[in-house]
Amino acid sequence: MERYLRNFTSISKEQQEILANSTIAIVGLGGLGGYVMENFVRLGVLNFHLIDMDVFEASNLNRQLLSTEQNLGKLKAEAAYERARSIDSRVNAKVFSTRLHRNSLGMLEGADLVIDCLDSIGGRLELEGLCDKMDLVLVHGAIRGYYGQVSISTKDNRVYKKIYGDCVKDEESLGNLPMTCMVTASFQVNLALKYIFREELKSELIFIDVKEMEVERLSI
């Protein structure tokens with residue numbers, strides 16, 4: 001347990017065991033997903049489903065933790081697994097370098113929690129539909145420019161339609177910055193920990209303004 005000595009002022013040994021025995025599915029391993037995975041591995045999660053069909057491009061280098069000049073053109077899901085194993089060789093992962101859709105039950109089967117790190121509204125709506133079908137809790141995250149948002153979608157309160165309404169196509173991107181990725185991913189992981197540790201969760205959408213360093217909460 002020496003690896004986790006610095007955790008124990010904030011996380012109990014019992015909670016550390018819960019993390020070790022949890023299986024987290026991360027859907028999207030770009031700007032948000034790389035930082036989400038990094039946090040979970042360093043916290044002590046050992047079991048993952050890593051899902052992303054894309055490869056790294058030069059435009060990813062400005063913000064994506066997993067992107068390096070050496071792995072341009074490499075599948076993101078495979079690079080994520082290698083990164084996780086370089087931090088903790090005990091990590092096990094099911095790696096899926098294919099597109100997840102509403103009928104991709106096998107990609108999420110066995111997961112305790114799903115983290116949405118996608119970059120399109122249509123993809124998120126499909127993911128929530130799949131999680132609803134499988135009765136899985138889903139932690140939402142999205143970013144644009146200096147702004148991020150996070151929420152949690154549960155069986156009793158599926159929130160994506162409330163957030164996006166009838167919009168199924170993203171507006172032109174404002175671009176994404178590394179600090180927005182880092183901060184928003186950290187909020188997602190903290191929200192996930194609350195669920196894993198069975199703490200009280202509020203039905204709310206959390207808005208993050210990195211530029212002005214402000215956070216707002218909206219009940220949904």
# chains A, B, ... in the order shown; residues from 1 in each chain; ligands from 1
call {"tool": "residues_around", "arguments": {"residues": "Val55 of chain A", "least_positions_apart": "2", "cutoff": "9 Å", "atoms": "only C-alpha atoms", "output": "PyMOL selection string"}}
result
chain A and resi 52-53+57+71-77
call {"tool": "write_last_selection", "arguments": {"atoms": "N, CA and C atoms", "output": "PDB file, in the first residue's frame"}}
result
ATOM      1  N   ASP A  52     -12.189   4.049 -27.843  1.00  0.00           N
ATOM      2  CA  ASP A  52     -11.988   5.184 -28.753  1.00  0.00           C
ATOM      3  C   ASP A  52     -11.554   4.637 -30.104  1.00  0.00           C
ATOM      4  N   MET A  53     -12.186   5.049 -31.184  1.00  0.00           N
ATOM      5  CA  MET A  53     -11.868   4.537 -32.515  1.00  0.00           C
ATOM      6  C   MET A  53     -10.793   5.366 -33.227  1.00  0.00           C
ATOM      7  N   GLU A  57      -3.558  12.802 -33.901  1.00  0.00           N
ATOM      8  CA  GLU A  57      -3.165  13.717 -34.954  1.00  0.00           C
ATOM      9  C   GLU A  57      -2.377  14.865 -34.339  1.00  0.00           C
ATOM     10  N   ASN A  71       3.725   9.132 -30.962  1.00  0.00           N
ATOM     11  CA  ASN A  71       2.614   8.219 -31.228  1.00  0.00           C
ATOM     12  C   ASN A  71       1.565   8.791 -32.184  1.00  0.00           C
ATOM     13  N   LEU A  72       1.926   9.811 -32.956  1.00  0.00           N
ATOM     14  CA  LEU A  72       1.007  10.309 -33.975  1.00  0.00           C
ATOM     15  C   LEU A  72       0.657   9.180 -34.939  1.00  0.00           C
ATOM     16  N   GLY A  73      -0.624   9.038 -35.225  1.00  0.00           N
ATOM     17  CA  GLY A  73      -1.101   7.953 -36.082  1.00  0.00           C
ATOM     18  C   GLY A  73      -1.435   6.682 -35.329  1.00  0.00           C
ATOM     19  N   LYS A  74      -1.155   6.647 -34.036  1.00  0.00           N
ATOM     20  CA  LYS A  74      -1.436   5.447 -33.238  1.00  0.00           C
ATOM     21  C   LYS A  74      -2.844   5.513 -32.666  1.00  0.00           C
ATOM     22  N   LEU A  75      -3.466   4.350 -32.518  1.00  0.00           N
ATOM     23  CA  LEU A  75      -4.799   4.282 -31.939  1.00  0.00           C
ATOM     24  C   LEU A  75      -4.795   4.788 -30.497  1.00  0.00           C
ATOM     25  N   LYS A  76      -5.745   5.656 -30.179  1.00  0.00           N
ATOM     26  CA  LYS A  76      -5.783   6.268 -28.850  1.00  0.00           C
ATOM     27  C   LYS A  76      -6.048   5.252 -27.747  1.00  0.00           C
ATOM     28  N   ALA A  77      -6.929   4.297 -27.989  1.00  0.00           N
ATOM     29  CA  ALA A  77      -7.254   3.307 -26.962  1.00  0.00           C
ATOM     30  C   ALA A  77      -6.034   2.459 -26.614  1.00  0.00           C
TER      31      ALA A  77
END
call {"tool": "residues_around", "arguments": {"residues": "Asn62 of chain A", "least_positions_apart": "2", "cutoff": "8 Å", "atoms": "only C-alpha atoms", "output": "PyMOL selection string"}}
result
chain A and resi 59-60+64+177-178
call {"tool": "atom_distance", "arguments": {"atom1": "atom CA of Gly129 of chain A", "atom2": "atom CA of Val183 of chain A"}}
result
26.6 Å
call {"tool": "residues_around", "arguments": {"residues": "segment 78-93 of chain A", "least_positions_apart": "2", "cutoff": "6 Å", "atoms": "only C-alpha atoms", "output": "NGL selection string"}}
result
:A and (46-49 or 75-76 or 95)
call {"tool": "select_by_dssp", "arguments": {"residues": "segment 41-79 of chain A", "states": "helix (DSSP H, G or I)", "output": "list in words"}}
result
Val41, Arg42, Leu43, Ala58, Ser59, Asn60, Glu69, Gln70, Asn71, Lys76, Ala77, Glu78 and Ala79 of chain A
call {"tool": "residues_around", "arguments": {"residues": "Lys133 of chain A", "least_positions_apart": "3", "cutoff": "9 Å", "atoms": "only C-alpha atoms", "output": "VMD selection string"}}
result
chain A and resid 102 105 128 to 130 136
call {"tool": "closest_residue", "arguments": {"among": "A:Ala142, A:Leu65, A:Val114, A:Val27", "to": "Leu100 of chain A", "atoms": "only C-alpha atoms"}}
result
A:Val27
call {"tool": "select_by_dssp", "arguments": {"residues": "segment 81-214 of chain A", "states": "strand (DSSP E)", "output": "PyMOL selection string"}}
result
chain A and resi 92-96+113-116+138-144+147-153+204-209+214
call {"tool": "residues_around", "arguments": {"residues": "Asp156 of chain A", "least_positions_apart": "6", "cutoff": "10 Å", "atoms": "only C-alpha atoms", "output": "ChimeraX atom specification"}}
result
/A:132,135,137
call {"tool": "closest_residue", "arguments": {"among": "A:Met134, A:Ile206, A:Val159, A:Ile51", "to": "Glu109 of chain A", "atoms": "only C-alpha atoms"}}
result
A:Met134
call {"tool": "residues_around", "arguments": {"residues": "Asp116 of chain A", "least_positions_apart": "3", "cutoff": "10 Å", "atoms": "only C-alpha atoms", "output": "PyMOL selection string"}}
result
chain A and resi 25-29+32-33+36+119+123-124+127-128+138-142+150-152+188
call {"tool": "write_last_selection", "arguments": {"atoms": "N, CA and C atoms", "output": "compact mmCIF listing (two decimals), in the first residue's frame"}}
result
# COMPACT_ATOMS: atom_id res chain seq x y z
N ALA A 25 -15.41 2.32 -17.27
CA ALA A 25 -15.40 2.43 -18.73
C ALA A 25 -15.22 3.90 -19.10
N ILE A 26 -14.19 4.20 -19.88
CA ILE A 26 -13.95 5.56 -20.36
C ILE A 26 -14.20 5.57 -21.85
N VAL A 27 -15.18 6.36 -22.26
CA VAL A 27 -15.57 6.42 -23.67
C VAL A 27 -15.05 7.74 -24.25
N GLY A 28 -14.01 7.63 -25.06
CA GLY A 28 -13.31 8.80 -25.58
C GLY A 28 -12.02 9.00 -24.82
N LEU A 29 -10.90 8.94 -25.52
CA LEU A 29 -9.59 9.03 -24.84
C LEU A 29 -8.75 10.15 -25.42
N LEU A 32 -10.40 15.07 -22.70
CA LEU A 32 -10.92 14.72 -21.37
C LEU A 32 -10.48 13.32 -20.94
N GLY A 33 -10.61 12.36 -21.84
CA GLY A 33 -10.39 10.97 -21.47
C GLY A 33 -9.00 10.66 -20.98
N VAL A 36 -8.83 11.93 -17.41
CA VAL A 36 -9.69 11.09 -16.57
C VAL A 36 -8.99 9.79 -16.25
N ASP A 119 -16.83 13.82 -27.93
CA ASP A 119 -16.73 15.18 -28.45
C ASP A 119 -17.88 15.53 -29.39
N GLY A 123 -23.02 11.41 -30.35
CA GLY A 123 -22.36 10.30 -29.68
C GLY A 123 -22.76 10.18 -28.22
N ARG A 124 -22.91 11.32 -27.56
CA ARG A 124 -23.31 11.30 -26.15
C ARG A 124 -24.72 10.77 -25.98
N LEU A 127 -24.65 7.12 -26.29
CA LEU A 127 -24.04 6.52 -25.10
C LEU A 127 -25.03 6.48 -23.95
N GLU A 128 -25.76 7.57 -23.74
CA GLU A 128 -26.72 7.57 -22.65
C GLU A 128 -27.82 6.54 -22.90
N LEU A 138 -23.74 7.13 -15.63
CA LEU A 138 -22.89 7.78 -16.62
C LEU A 138 -22.49 9.16 -16.13
N VAL A 139 -21.19 9.44 -16.11
CA VAL A 139 -20.69 10.76 -15.73
C VAL A 139 -20.38 11.56 -16.99
N HIS A 140 -21.08 12.65 -17.17
CA HIS A 140 -20.98 13.49 -18.36
C HIS A 140 -19.88 14.53 -18.22
N GLY A 141 -19.20 14.80 -19.32
CA GLY A 141 -18.25 15.91 -19.38
C GLY A 141 -18.17 16.45 -20.79
N ALA A 142 -18.08 17.76 -20.93
CA ALA A 142 -17.94 18.38 -22.24
C ALA A 142 -17.17 19.68 -22.08
N VAL A 150 -20.08 19.39 -16.36
CA VAL A 150 -20.15 18.00 -15.92
C VAL A 150 -21.50 17.77 -15.26
N SER A 151 -21.93 16.52 -15.29
CA SER A 151 -23.17 16.11 -14.64
C SER A 151 -23.14 14.60 -14.49
N ILE A 152 -24.17 14.06 -13.86
CA ILE A 152 -24.27 12.61 -13.71
C ILE A 152 -25.65 12.17 -14.17
N GLN A 188 -15.00 15.56 -13.30
CA GLN A 188 -15.64 14.28 -13.63
C GLN A 188 -15.18 13.18 -12.68
call {"tool": "residues_around", "arguments": {"residues": "segment 196-201 of chain A", "least_positions_apart": "5", "cutoff": "12 Å", "atoms": "only C-alpha atoms", "output": "ChimeraX atom specification"}}
result
/A:11-12,14-24,40,45,112-114,137-139,151-154,157,189-191,219
call {"tool": "atom_distance", "arguments": {"atom1": "atom CA of Glu126 of chain A", "atom2": "atom CA of Gly30 of chain A"}}
result
18.3 Å
call {"tool": "closest_residue", "arguments": {"among": "A:Cys181, A:Ile208, A:Leu43, A:Ile121", "to": "Arg63 of chain A", "atoms": "only C-alpha atoms"}}
result
A:Cys181
call {"tool": "atom_distance", "arguments": {"atom1": "atom CA of Ile220 of chain A", "atom2": "atom CA of Ser203 of chain A"}}
result
5.6 Å
